[in-house]
$ cat data-v3.tsv   # TSV, C-alpha atoms
chain	number	residue	atom	x	y	z
A	521	MET	CA	0.00	0.00	0.00
A	522	LYS	CA	1.31	3.44	-0.96
A	523	THR	CA	0.66	6.55	1.17
A	524	ILE	CA	0.84	10.07	-0.35
A	525	PHE	CA	0.53	13.36	1.60
A	526	ARG	CA	-0.83	16.39	-0.23
A	527	LEU	CA	-1.78	19.69	1.56
A	528	GLY	CA	-2.49	17.98	4.84
A	529	VAL	CA	-4.81	15.40	3.23
A	530	LEU	CA	-4.02	11.74	3.70
A	531	VAL	CA	-4.35	9.88	0.39
A	532	LEU	CA	-4.24	6.11	0.26
A	533	LEU	CA	-3.70	4.28	-3.00
A	534	ILE	CA	-4.79	0.68	-2.46
A	535	PRO	CA	-4.17	-1.80	-5.27
A	536	ILE	CA	-6.95	-4.13	-6.29
A	537	VAL	CA	-5.66	-7.67	-6.41
A	538	THR	CA	-7.10	-9.66	-9.29
A	539	SER	CA	-6.53	-13.25	-10.39
A	540	ALA	CA	-7.01	-12.26	-14.03
A	541	TRP	CA	-3.29	-11.54	-14.26
A	542	SER	CA	-2.38	-15.18	-13.76
A	543	ASN	CA	-3.41	-16.49	-17.15
A	544	PRO	CA	-1.41	-16.82	-20.36
A	545	SER	CA	-4.34	-15.31	-22.27
A	546	ASP	CA	-3.22	-11.98	-20.81
A	547	ILE	CA	-0.12	-12.21	-22.99
A	548	VAL	CA	-0.74	-10.13	-26.11
A	549	TRP	CA	1.08	-11.93	-28.91
A	550	THR	CA	2.42	-10.37	-32.12
A	551	ASP	CA	3.39	-12.76	-34.88
A	552	ASP	CA	6.67	-11.81	-36.57
A	553	VAL	CA	5.15	-12.02	-40.05
A	554	GLU	CA	7.80	-9.85	-41.71
A	555	ASN	CA	10.69	-12.09	-40.60
A	556	ASN	CA	9.10	-15.55	-40.42
A	557	PRO	CA	10.24	-18.23	-40.71
A	558	VAL	CA	13.34	-17.36	-38.70
A	559	ILE	CA	14.91	-20.85	-38.63
A	560	GLY	CA	14.85	-23.04	-41.71
A	561	SER	CA	16.80	-24.79	-44.48
A	562	PRO	CA	19.84	-25.89	-42.42
A	563	GLY	CA	21.46	-27.61	-45.40
A	564	PHE	CA	21.54	-31.17	-44.03
A	565	GLY	CA	19.12	-33.95	-43.19
A	566	ASP	CA	15.89	-33.34	-45.09
A	567	ASN	CA	16.57	-29.59	-44.88
A	568	ARG	CA	13.86	-29.05	-42.28
A	569	ALA	CA	13.86	-27.12	-39.01
A	570	TYR	CA	10.85	-28.05	-36.91
A	571	TYR	CA	9.99	-29.47	-33.47
A	572	GLY	CA	12.35	-26.76	-32.24
A	573	GLN	CA	13.59	-26.00	-28.74
A	574	VAL	CA	14.99	-22.47	-28.40
A	575	ILE	CA	16.71	-21.03	-25.33
A	576	PHE	CA	18.69	-17.90	-24.54
A	577	ASP	CA	22.19	-18.52	-23.19
A	578	PRO	CA	23.02	-15.57	-20.89
A	579	ILE	CA	26.63	-16.68	-20.47
A	580	ALA	CA	27.47	-16.69	-24.18
A	581	ASN	CA	24.84	-13.98	-24.86
A	582	ILE	CA	23.35	-15.92	-27.76
A	583	TRP	CA	20.18	-17.77	-28.66
A	584	ARG	CA	20.55	-21.51	-29.23
A	585	ALA	CA	18.12	-23.76	-31.08
A	586	TRP	CA	17.73	-27.52	-31.58
A	587	TYR	CA	15.27	-28.91	-34.10
A	588	ASP	CA	14.39	-31.92	-36.24
A	589	SER	CA	16.23	-31.65	-39.54
A	590	SER	CA	14.47	-34.72	-40.97
A	591	SER	CA	11.41	-36.78	-40.11
A	592	GLY	CA	12.32	-38.48	-36.84
A	593	TYR	CA	15.93	-39.22	-37.75
A	594	ASP	CA	18.27	-36.49	-36.52
A	595	VAL	CA	18.56	-33.18	-34.67
A	596	GLY	CA	20.20	-30.00	-35.88
A	597	TYR	CA	21.61	-26.94	-34.12
A	598	ALA	CA	21.67	-23.19	-34.88
A	599	GLU	CA	22.66	-19.93	-33.15
A	600	SER	CA	21.54	-16.33	-33.18
A	601	THR	CA	23.73	-13.52	-31.90
A	602	ASP	CA	21.15	-10.76	-32.26
A	603	SER	CA	19.16	-9.79	-29.19
A	604	GLU	CA	15.79	-10.90	-30.53
A	605	GLY	CA	16.64	-14.24	-32.11
A	606	ILE	CA	15.66	-13.30	-35.65
A	607	ASN	CA	18.83	-13.99	-37.67
A	608	TRP	CA	20.28	-17.51	-37.34
A	609	THR	CA	23.64	-18.95	-38.36
A	610	ASN	CA	26.09	-21.76	-37.46
A	611	TYR	CA	23.73	-24.49	-38.59
A	612	ALA	CA	25.21	-27.88	-37.70
A	613	PRO	CA	24.07	-31.47	-37.12
A	614	VAL	CA	24.43	-32.56	-33.50
A	615	THR	CA	26.56	-35.63	-32.78
A	616	GLY	CA	27.57	-38.13	-30.10
A	617	PHE	CA	24.42	-40.20	-29.56
A	618	THR	CA	24.26	-43.94	-29.05
A	619	THR	CA	20.80	-44.23	-30.61
A	620	SER	CA	20.02	-44.62	-34.31
A	621	ARG	CA	17.43	-41.82	-34.36
A	622	GLN	CA	16.91	-38.58	-32.47
A	623	SER	CA	13.79	-36.38	-32.58
A	624	LYS	CA	11.83	-33.70	-30.67
A	625	ALA	CA	14.74	-32.60	-28.48
A	626	VAL	CA	14.22	-30.63	-25.26
A	627	VAL	CA	17.30	-28.81	-23.98
A	628	LEU	CA	17.95	-26.91	-20.74
A	629	GLN	CA	21.05	-24.99	-19.68
A	630	ILE	CA	21.62	-26.55	-16.28
A	631	GLU	CA	24.97	-24.84	-15.55
A	632	ASP	CA	26.97	-22.02	-17.12
A	633	SER	CA	28.57	-24.27	-19.73
A	634	LEU	CA	26.52	-27.44	-19.46
A	635	PHE	CA	23.36	-28.42	-21.31
A	636	ARG	CA	21.11	-31.44	-20.83
A	637	MET	CA	18.96	-32.79	-23.64
A	638	TRP	CA	16.00	-35.16	-23.57
A	639	TYR	CA	14.95	-36.59	-26.92
A	640	MET	CA	12.72	-39.19	-28.56
A	641	ALA	CA	14.87	-42.13	-29.63
A	642	ASP	CA	15.01	-45.01	-32.10
A	643	GLU	CA	12.15	-46.63	-33.98
A	644	ARG	CA	8.66	-45.38	-33.30
A	645	ASP	CA	6.29	-48.18	-32.26
A	646	GLN	CA	3.24	-46.77	-30.48
A	647	GLY	CA	5.57	-43.99	-29.40
A	648	TYR	CA	9.27	-43.42	-28.70
A	649	SER	CA	11.59	-44.14	-25.80
A	650	VAL	CA	13.24	-41.11	-24.17
A	651	TYR	CA	17.00	-40.68	-23.82
A	652	THR	CA	19.06	-37.94	-22.21
A	653	ALA	CA	22.55	-36.62	-22.95
A	654	VAL	CA	24.81	-33.72	-21.91
A	655	SER	CA	26.98	-31.23	-23.82
A	656	SER	CA	29.22	-28.26	-23.16
A	657	ASP	CA	28.70	-26.63	-26.57
A	658	GLY	CA	25.25	-27.76	-27.68
A	659	ILE	CA	26.61	-29.63	-30.72
A	660	ASN	CA	28.73	-32.50	-29.38
A	661	TRP	CA	26.86	-34.71	-26.89
A	662	GLY	CA	27.84	-37.52	-24.54
A	663	ASP	CA	26.76	-39.56	-21.51
A	664	ASP	CA	23.78	-40.66	-23.61
A	665	GLN	CA	21.38	-42.98	-21.75
A	666	ILE	CA	17.74	-43.96	-21.50
A	667	ILE	CA	15.80	-42.30	-18.71
A	668	GLU	CA	14.13	-44.32	-15.95
A	669	GLY	CA	10.70	-43.99	-14.41
A	670	ILE	CA	8.68	-42.62	-17.31
A	671	VAL	CA	9.13	-44.87	-20.32
A	672	TYR	CA	9.95	-48.53	-20.28
A	673	ASP	CA	11.50	-51.12	-22.55
A	674	ASN	CA	8.17	-52.57	-23.67
A	675	LEU	CA	8.12	-50.56	-26.91
A	676	GLY	CA	6.26	-53.28	-28.81
A	677	SER	CA	3.13	-52.60	-26.80
A	678	SER	CA	0.79	-49.64	-26.63
A	679	GLN	CA	1.14	-49.75	-22.83
A	680	TRP	CA	3.69	-48.72	-20.24
A	681	GLY	CA	5.19	-45.60	-21.58
A	682	PRO	CA	6.05	-44.91	-25.22
A	683	VAL	CA	5.55	-41.21	-25.89
A	684	GLU	CA	5.53	-38.62	-28.66
A	685	ARG	CA	7.22	-35.77	-26.81
A	686	ILE	CA	8.23	-34.52	-23.37
A	687	ALA	CA	8.33	-31.04	-21.83
A	688	VAL	CA	10.90	-30.39	-19.09
A	689	THR	CA	11.63	-27.41	-16.86
A	690	GLN	CA	14.22	-26.88	-14.11
A	691	LEU	CA	13.19	-25.30	-10.81
A	692	GLU	CA	15.09	-22.89	-8.58
A	693	ASP	CA	16.39	-25.72	-6.39
A	694	GLY	CA	17.95	-27.49	-9.38
A	695	THR	CA	15.36	-30.27	-9.63
A	696	PHE	CA	13.45	-31.06	-12.81
A	697	THR	CA	9.76	-31.35	-13.60
A	698	ALA	CA	8.54	-33.09	-16.75
A	699	TYR	CA	5.19	-33.49	-18.43
A	700	CYS	CA	4.70	-36.52	-20.62
A	701	ARG	CA	1.60	-38.14	-22.14
A	702	CYS	CA	2.08	-41.85	-21.61
A	703	GLU	CA	0.59	-44.86	-19.85
A	704	GLU	CA	1.66	-45.34	-16.25
A	705	PRO	CA	1.87	-49.01	-15.21
A	706	PHE	CA	2.18	-48.50	-11.47
A	707	LEU	CA	-1.12	-46.73	-10.91
A	708	ASP	CA	-4.11	-48.38	-9.31
A	709	ALA	CA	-6.04	-49.98	-12.19
A	710	ALA	CA	-9.26	-49.27	-10.33
A	711	LEU	CA	-8.84	-45.56	-11.04
A	712	GLU	CA	-11.61	-44.47	-13.36
A	713	TRP	CA	-9.34	-43.09	-16.10
A	714	PHE	CA	-6.57	-45.69	-15.98
A	715	ASP	CA	-7.64	-47.72	-19.01
A	716	GLN	CA	-8.47	-44.77	-21.24
A	717	GLY	CA	-5.15	-44.55	-23.06
A	718	LYS	CA	-2.20	-42.25	-22.57
A	719	LYS	CA	-2.50	-39.34	-20.14
A	720	LEU	CA	-0.46	-36.18	-19.63
A	721	PHE	CA	1.30	-36.97	-16.34
A	722	ARG	CA	3.70	-34.95	-14.21
A	723	TYR	CA	7.09	-36.35	-13.18
A	724	THR	CA	9.93	-35.04	-11.01
A	725	SER	CA	13.66	-35.79	-10.93
A	726	GLU	CA	16.78	-34.83	-9.03
A	727	ASP	CA	19.19	-35.58	-11.89
A	728	GLY	CA	17.11	-35.58	-15.08
A	729	ILE	CA	17.71	-39.33	-15.53
A	730	ASN	CA	15.65	-41.02	-12.81
A	731	TRP	CA	12.05	-39.85	-12.62
A	732	THR	CA	9.19	-40.24	-10.14
A	733	TRP	CA	5.51	-40.07	-11.02
A	734	GLY	CA	3.96	-36.88	-9.65
A	735	GLY	CA	0.29	-37.12	-10.57
A	736	TYR	CA	-2.14	-36.54	-13.40
A	737	THR	CA	-2.54	-33.04	-14.84
A	738	GLY	CA	-6.21	-33.46	-15.73
A	739	VAL	CA	-5.66	-32.03	-19.21
A	740	ASN	CA	-6.83	-35.01	-21.26
A	741	GLU	CA	-10.24	-35.06	-19.57
A	742	ILE	CA	-11.12	-31.85	-21.39
A	743	GLU	CA	-13.41	-32.75	-24.27
A	744	GLY	CA	-11.50	-32.78	-27.53
A	745	PHE	CA	-8.09	-32.68	-25.80
A	746	GLU	CA	-7.56	-36.40	-25.33
A	747	SER	CA	-4.29	-36.31	-27.33
A	748	LEU	CA	-2.99	-32.94	-26.11
A	749	GLU	CA	0.72	-32.88	-25.21
A	750	PHE	CA	2.76	-30.06	-23.68
A	751	SER	CA	5.81	-28.82	-25.57
A	752	SER	CA	6.69	-25.88	-23.30
A	753	VAL	CA	6.11	-25.26	-19.57
A	754	VAL	CA	7.14	-22.15	-17.60
A	755	LYS	CA	6.90	-21.67	-13.86
A	756	HIS	CA	6.10	-17.96	-13.76
A	757	PRO	CA	8.85	-16.24	-11.75
A	758	ASP	CA	6.74	-13.14	-11.11
A	759	ILE	CA	3.49	-14.81	-10.01
A	760	GLU	CA	3.63	-17.18	-7.05
A	761	ASP	CA	2.61	-20.82	-7.64
A	762	VAL	CA	1.43	-20.09	-11.19
A	763	TRP	CA	2.64	-22.10	-14.18
A	764	TYR	CA	1.91	-21.55	-17.86
A	765	ALA	CA	1.99	-24.31	-20.48
A	766	TRP	CA	1.60	-24.49	-24.24
A	767	GLY	CA	0.71	-27.59	-26.20
A	768	SER	CA	-0.77	-29.06	-29.32
A	769	MET	CA	-2.48	-32.26	-30.35
A	770	ALA	CA	-0.31	-35.25	-31.21
A	771	ASN	CA	0.30	-35.30	-34.98
A	772	SER	CA	-2.53	-32.87	-35.63
A	773	GLU	CA	-3.15	-29.88	-37.86
A	774	ARG	CA	-4.96	-28.11	-35.04
A	775	PRO	CA	-3.34	-24.97	-33.51
A	776	ILE	CA	-1.45	-24.17	-30.30
A	777	TYR	CA	-3.34	-24.01	-27.00
A	778	SER	CA	-2.35	-22.46	-23.66
A	779	PHE	CA	-2.97	-23.76	-20.15
A	780	VAL	CA	-2.57	-22.39	-16.62
A	781	SER	CA	-1.86	-24.01	-13.26
A	782	THR	CA	-2.53	-22.23	-9.97
A	783	ASP	CA	-1.44	-25.14	-7.76
A	784	ASP	CA	2.28	-24.99	-8.55
A	785	GLY	CA	2.19	-27.16	-11.64
A	786	LEU	CA	0.20	-30.10	-10.31
A	787	THR	CA	-2.89	-29.69	-12.49
A	788	PHE	CA	-3.67	-27.47	-15.48
A	789	GLU	CA	-6.77	-25.87	-16.96
A	790	LEU	CA	-7.35	-24.80	-20.55
A	791	ASP	CA	-6.83	-21.06	-20.85
A	792	GLU	CA	-6.83	-20.19	-24.55
A	793	ASP	CA	-8.31	-22.19	-27.41
A	794	PRO	CA	-6.41	-21.43	-29.62
A	795	VAL	CA	-3.67	-18.95	-28.65
A	796	ALA	CA	-4.69	-15.63	-30.19
A	797	ASN	CA	-2.55	-13.86	-32.81
A	798	VAL	CA	-0.12	-16.76	-33.16
A	799	GLY	CA	-0.15	-18.10	-36.68
A	800	ASP	CA	-3.13	-17.21	-38.79
A	801	TYR	CA	-2.36	-20.28	-40.83
A	802	GLN	CA	-3.43	-20.55	-44.46
A	803	THR	CA	-2.93	-16.78	-44.68
A	804	GLN	CA	0.88	-16.61	-44.64
A	805	PRO	CA	3.24	-18.52	-46.97
A	806	TYR	CA	5.26	-19.90	-44.06
A	807	ASN	CA	2.34	-21.58	-42.26
A	808	GLN	CA	-0.11	-22.80	-44.84
A	809	ASN	CA	-0.83	-26.02	-42.97
A	810	ARG	CA	-0.41	-25.71	-39.22
A	811	ASN	CA	1.29	-24.26	-36.13
A	812	PHE	CA	2.53	-26.67	-33.48
A	813	HIS	CA	5.20	-27.46	-30.87
A	814	ALA	CA	5.62	-24.08	-29.17
A	815	SER	CA	8.90	-23.28	-27.37
A	816	VAL	CA	8.20	-20.34	-25.06
A	817	THR	CA	10.69	-18.26	-23.05
A	818	TYR	CA	9.91	-15.66	-20.39
A	819	LEU	CA	12.36	-12.76	-20.70
A	820	GLY	CA	11.24	-10.89	-17.58
A	821	ASN	CA	9.27	-7.68	-17.05
A	822	GLY	CA	6.25	-9.22	-18.74
A	823	GLU	CA	8.07	-9.93	-22.02
A	824	TRP	CA	7.76	-13.30	-23.77
A	825	VAL	CA	8.97	-14.90	-26.99
A	826	MET	CA	7.55	-17.98	-28.70
A	827	PHE	CA	9.26	-20.09	-31.33
A	828	ARG	CA	6.99	-22.65	-32.97
A	829	SER	CA	6.89	-25.11	-35.87
A	830	THR	CA	5.11	-23.97	-38.99
A	831	ALA	CA	4.39	-25.98	-42.13
A	832	ASP	CA	4.78	-26.54	-45.01
A	833	PRO	CA	7.73	-26.42	-45.49
A	834	LYS	CA	8.55	-27.45	-41.94
A	835	THR	CA	10.37	-24.47	-40.43
A	836	THR	CA	10.45	-22.46	-37.19
A	837	SER	CA	8.66	-19.13	-36.76
A	838	ARG	CA	8.64	-16.49	-34.04
A	839	ALA	CA	6.16	-14.38	-32.10
A	840	THR	CA	6.62	-11.92	-29.22
A	841	GLY	CA	4.33	-11.38	-26.25
A	842	ILE	CA	3.67	-8.64	-23.70
A	843	GLU	CA	2.00	-9.38	-20.35
A	844	GLU	CA	0.84	-6.90	-17.72
A	845	ILE	CA	2.31	-8.32	-14.52
A	846	SER	CA	1.64	-5.50	-12.04
A	847	SER	CA	-1.31	-3.30	-11.17
A	848	PRO	CA	-1.64	-0.37	-13.58
A	849	ILE	CA	-2.56	3.01	-12.09
A	850	ASP	CA	-6.17	2.77	-13.32
A	851	HIS	CA	-6.65	-0.29	-11.08
A	852	TRP	CA	-5.95	1.68	-7.86
A	853	TYR	CA	-8.62	3.14	-5.63
A	854	LEU	CA	-8.28	6.70	-4.40
A	855	TYR	CA	-9.37	7.50	-0.85
$ encode --input "data-v3.tsv" --output "structure tokens"
Amino acid sequence: MKTIFRLGVLVLLIPIVTSAWSNPSDIVWTDDVENNPVIGSPGFGDNRAYYGQVIFDPIANIWRAWYDSSSGYDVGYAESTDSEGINWTNYAPVTGFTTSRQSKAVVLQIEDSLFRMWYMADERDQGYSVYTAVSSDGINWGDDQIIEGIVYDNLGSSQWGPVERIAVTQLEDGTFTAYCRCEEPFLDAALEWFDQGKKLFRYTSEDGINWTWGGYTGVNEIEGFESLEFSSVVKHPDIEDVWYAWGSMANSERPIYSFVSTDDGLTFELDEDPVANVGDYQTQPYNQNRNFHASVTYLGNGEWVMFRSTADPKTTSRATGIEEISSPIDHWYLY
């Protein structure tokens, strides 16, 4: 509460607290039509750049991106040295994996010069297994191994884990939280929703390798969202216990949707269907078919940036967002 004294009169400006500021729909998005697509045609693989994961590296002061450069076979890398992540260079195939295929990579910068990747691996049979690897430069990877606790070795079955994609975030204490739509074999089969196919579950991990089931998000009970998967999750640093998530349907031409959690990432509710002003597809040459697989970064002070897959051709496009995160003066009462 702010107190102002004017000519002997006590004036109190009392902010009105409103929950409306804890929803991703309050982000006003602007699609970067003039520059899109910003990542594309890497010159290797099938010359694609989609299913992208884009992060800002504050140590090197560059943007880094990882993306599928062919259909489920390999992952490419690119960099942008400009402040907004519009112009990309240093395209290169990533190396060092033990698996025959890599796809849909998720990468976090877990230390100043250390990155951890999670990716979909090998042949797809009712879904992929998930592996993780580490790198100091984002291009050369090592310590490649299958994760434990989410997906299992029974890839010939529709049960017990195979997935399409995973979304991972690291918390302030260094632990990881992941969201993955899969079947969970250790749940009580008497639960009403257990035998209804894959569900978007929450998992936690101390090291990014060994995971523990952390509950069901509730997302796939929303009518029409049975196959929804998260591709980007952000624990909002400026709003306590609020998480934002963006997702799309598995292998669908439908658009990007946003979700909000007000219980610290345990469960999510649909917020925006679809996300406004992001990809008016069939109106721009770079997204004639669909928008999917959002990679969203919070820059602070209510500023956001979203990189997403657009097709066809399969490339990566960009949008920026502005969110009001504090009470504007017209929301204060004057006494």
$ residues_near_point --input "data-v3.tsv" --point "(-4.9, -33.0, -28.8)" --cutoff "8 Å" --atoms "only C-alpha atoms" --output "ChimeraX atom specification"
/A:744-749,768-770,772,774
$ closest_residue --input "data-v3.tsv" --among "A:Ile670, A:Ala569, A:Val798, A:Ala653" --to "A:Ser590" --atoms "all atoms listed in the file"
A:Ala569
$ residues_around --input "data-v3.tsv" --residues "A:Ala839" --least-positions-apart "6" --cutoff "8 Å" --atoms "only C-alpha atoms" --output "ChimeraX atom specification"
/A:549-552,798,825-827
$ atom_distance --input "data-v3.tsv" --atom1 "atom CA of A:Trp733" --atom2 "atom CA of A:Lys719"
12.2 Å
$ residues_around --input "data-v3.tsv" --residues "A:Tyr764" --least-positions-apart "6" --cutoff "10 Å" --atoms "all atoms listed in the file" --output "PyMOL selection string"
chain A and resi 542-545+752-756+778-782+784-785+788-789+791+816
$ residues_around --input "data-v3.tsv" --residues "A:Trp586" --least-positions-apart "2" --cutoff "9 Å" --atoms "all atoms listed in the file" --output "PDB file with C-alpha atoms, keeping the file's coordinate frame"
ATOM      1  CA  ALA A 569      13.860 -27.120 -39.010  1.00  0.00           C
ATOM      2  CA  TYR A 570      10.850 -28.050 -36.910  1.00  0.00           C
ATOM      3  CA  TYR A 571       9.990 -29.470 -33.470  1.00  0.00           C
ATOM      4  CA  GLY A 572      12.350 -26.760 -32.240  1.00  0.00           C
ATOM      5  CA  GLN A 573      13.590 -26.000 -28.740  1.00  0.00           C
ATOM      6  CA  VAL A 574      14.990 -22.470 -28.400  1.00  0.00           C
ATOM      7  CA  ARG A 584      20.550 -21.510 -29.230  1.00  0.00           C
ATOM      8  CA  ASP A 588      14.390 -31.920 -36.240  1.00  0.00           C
ATOM      9  CA  VAL A 595      18.560 -33.180 -34.670  1.00  0.00           C
ATOM     10  CA  GLY A 596      20.200 -30.000 -35.880  1.00  0.00           C
ATOM     11  CA  TYR A 597      21.610 -26.940 -34.120  1.00  0.00           C
ATOM     12  CA  ALA A 598      21.670 -23.190 -34.880  1.00  0.00           C
ATOM     13  CA  VAL A 614      24.430 -32.560 -33.500  1.00  0.00           C
ATOM     14  CA  LYS A 624      11.830 -33.700 -30.670  1.00  0.00           C
ATOM     15  CA  ALA A 625      14.740 -32.600 -28.480  1.00  0.00           C
ATOM     16  CA  VAL A 626      14.220 -30.630 -25.260  1.00  0.00           C
ATOM     17  CA  VAL A 627      17.300 -28.810 -23.980  1.00  0.00           C
ATOM     18  CA  GLY A 658      25.250 -27.760 -27.680  1.00  0.00           C
TER      19      GLY A 658
END
$ closest_residue --input "data-v3.tsv" --among "A:Ser649, A:Asn610, A:Asn660, A:Thr835" --to "A:Val683" --atoms "only C-alpha atoms"
A:Ser649
$ atom_distance --input "data-v3.tsv" --atom1 "atom CA of A:Arg838" --atom2 "atom CA of A:Asp546"
18.3 Å
$ closest_residue --input "data-v3.tsv" --among "A:Phe812, A:Pro775, A:Ile686, A:Glu554" --to "A:Val795" --atoms "all atoms listed in the file"
A:Pro775
$ atom_distance --input "data-v3.tsv" --atom1 "atom CA of A:Thr619" --atom2 "atom CA of A:Phe750"
24.0 Å
$ closest_residue --input "data-v3.tsv" --among "A:Asp758, A:Asp657, A:Glu631, A:Glu773" --to "A:Tyr818" --atoms "all atoms listed in the file"
A:Asp758
$ closest_residue --input "data-v3.tsv" --among "A:Phe617, A:Gly841, A:Asp832, A:Tyr639" --to "A:Tyr587" --atoms "all atoms listed in the file"
A:Tyr639
$ closest_residue --input "data-v3.tsv" --among "A:Arg685, A:Pro833, A:Gly669, A:Asn740" --to "A:Asn567" --atoms "only C-alpha atoms"
A:Pro833
$ axis_aligned_box --input "data-v3.tsv" --around "stretch 766-784 of chain A" --padding-each-side "8 Å" --output "JSON"
{"center_x": -1.3, "center_y": -28.8, "center_z": -22.8, "size_x": 23.2, "size_y": 29.1, "size_z": 46.1}
$ residues_around --input "data-v3.tsv" --residues "A:Tyr699" --least-positions-apart "4" --cutoff "6 Å" --atoms "only C-alpha atoms" --output "ChimeraX atom specification"
/A:686-687,721-722
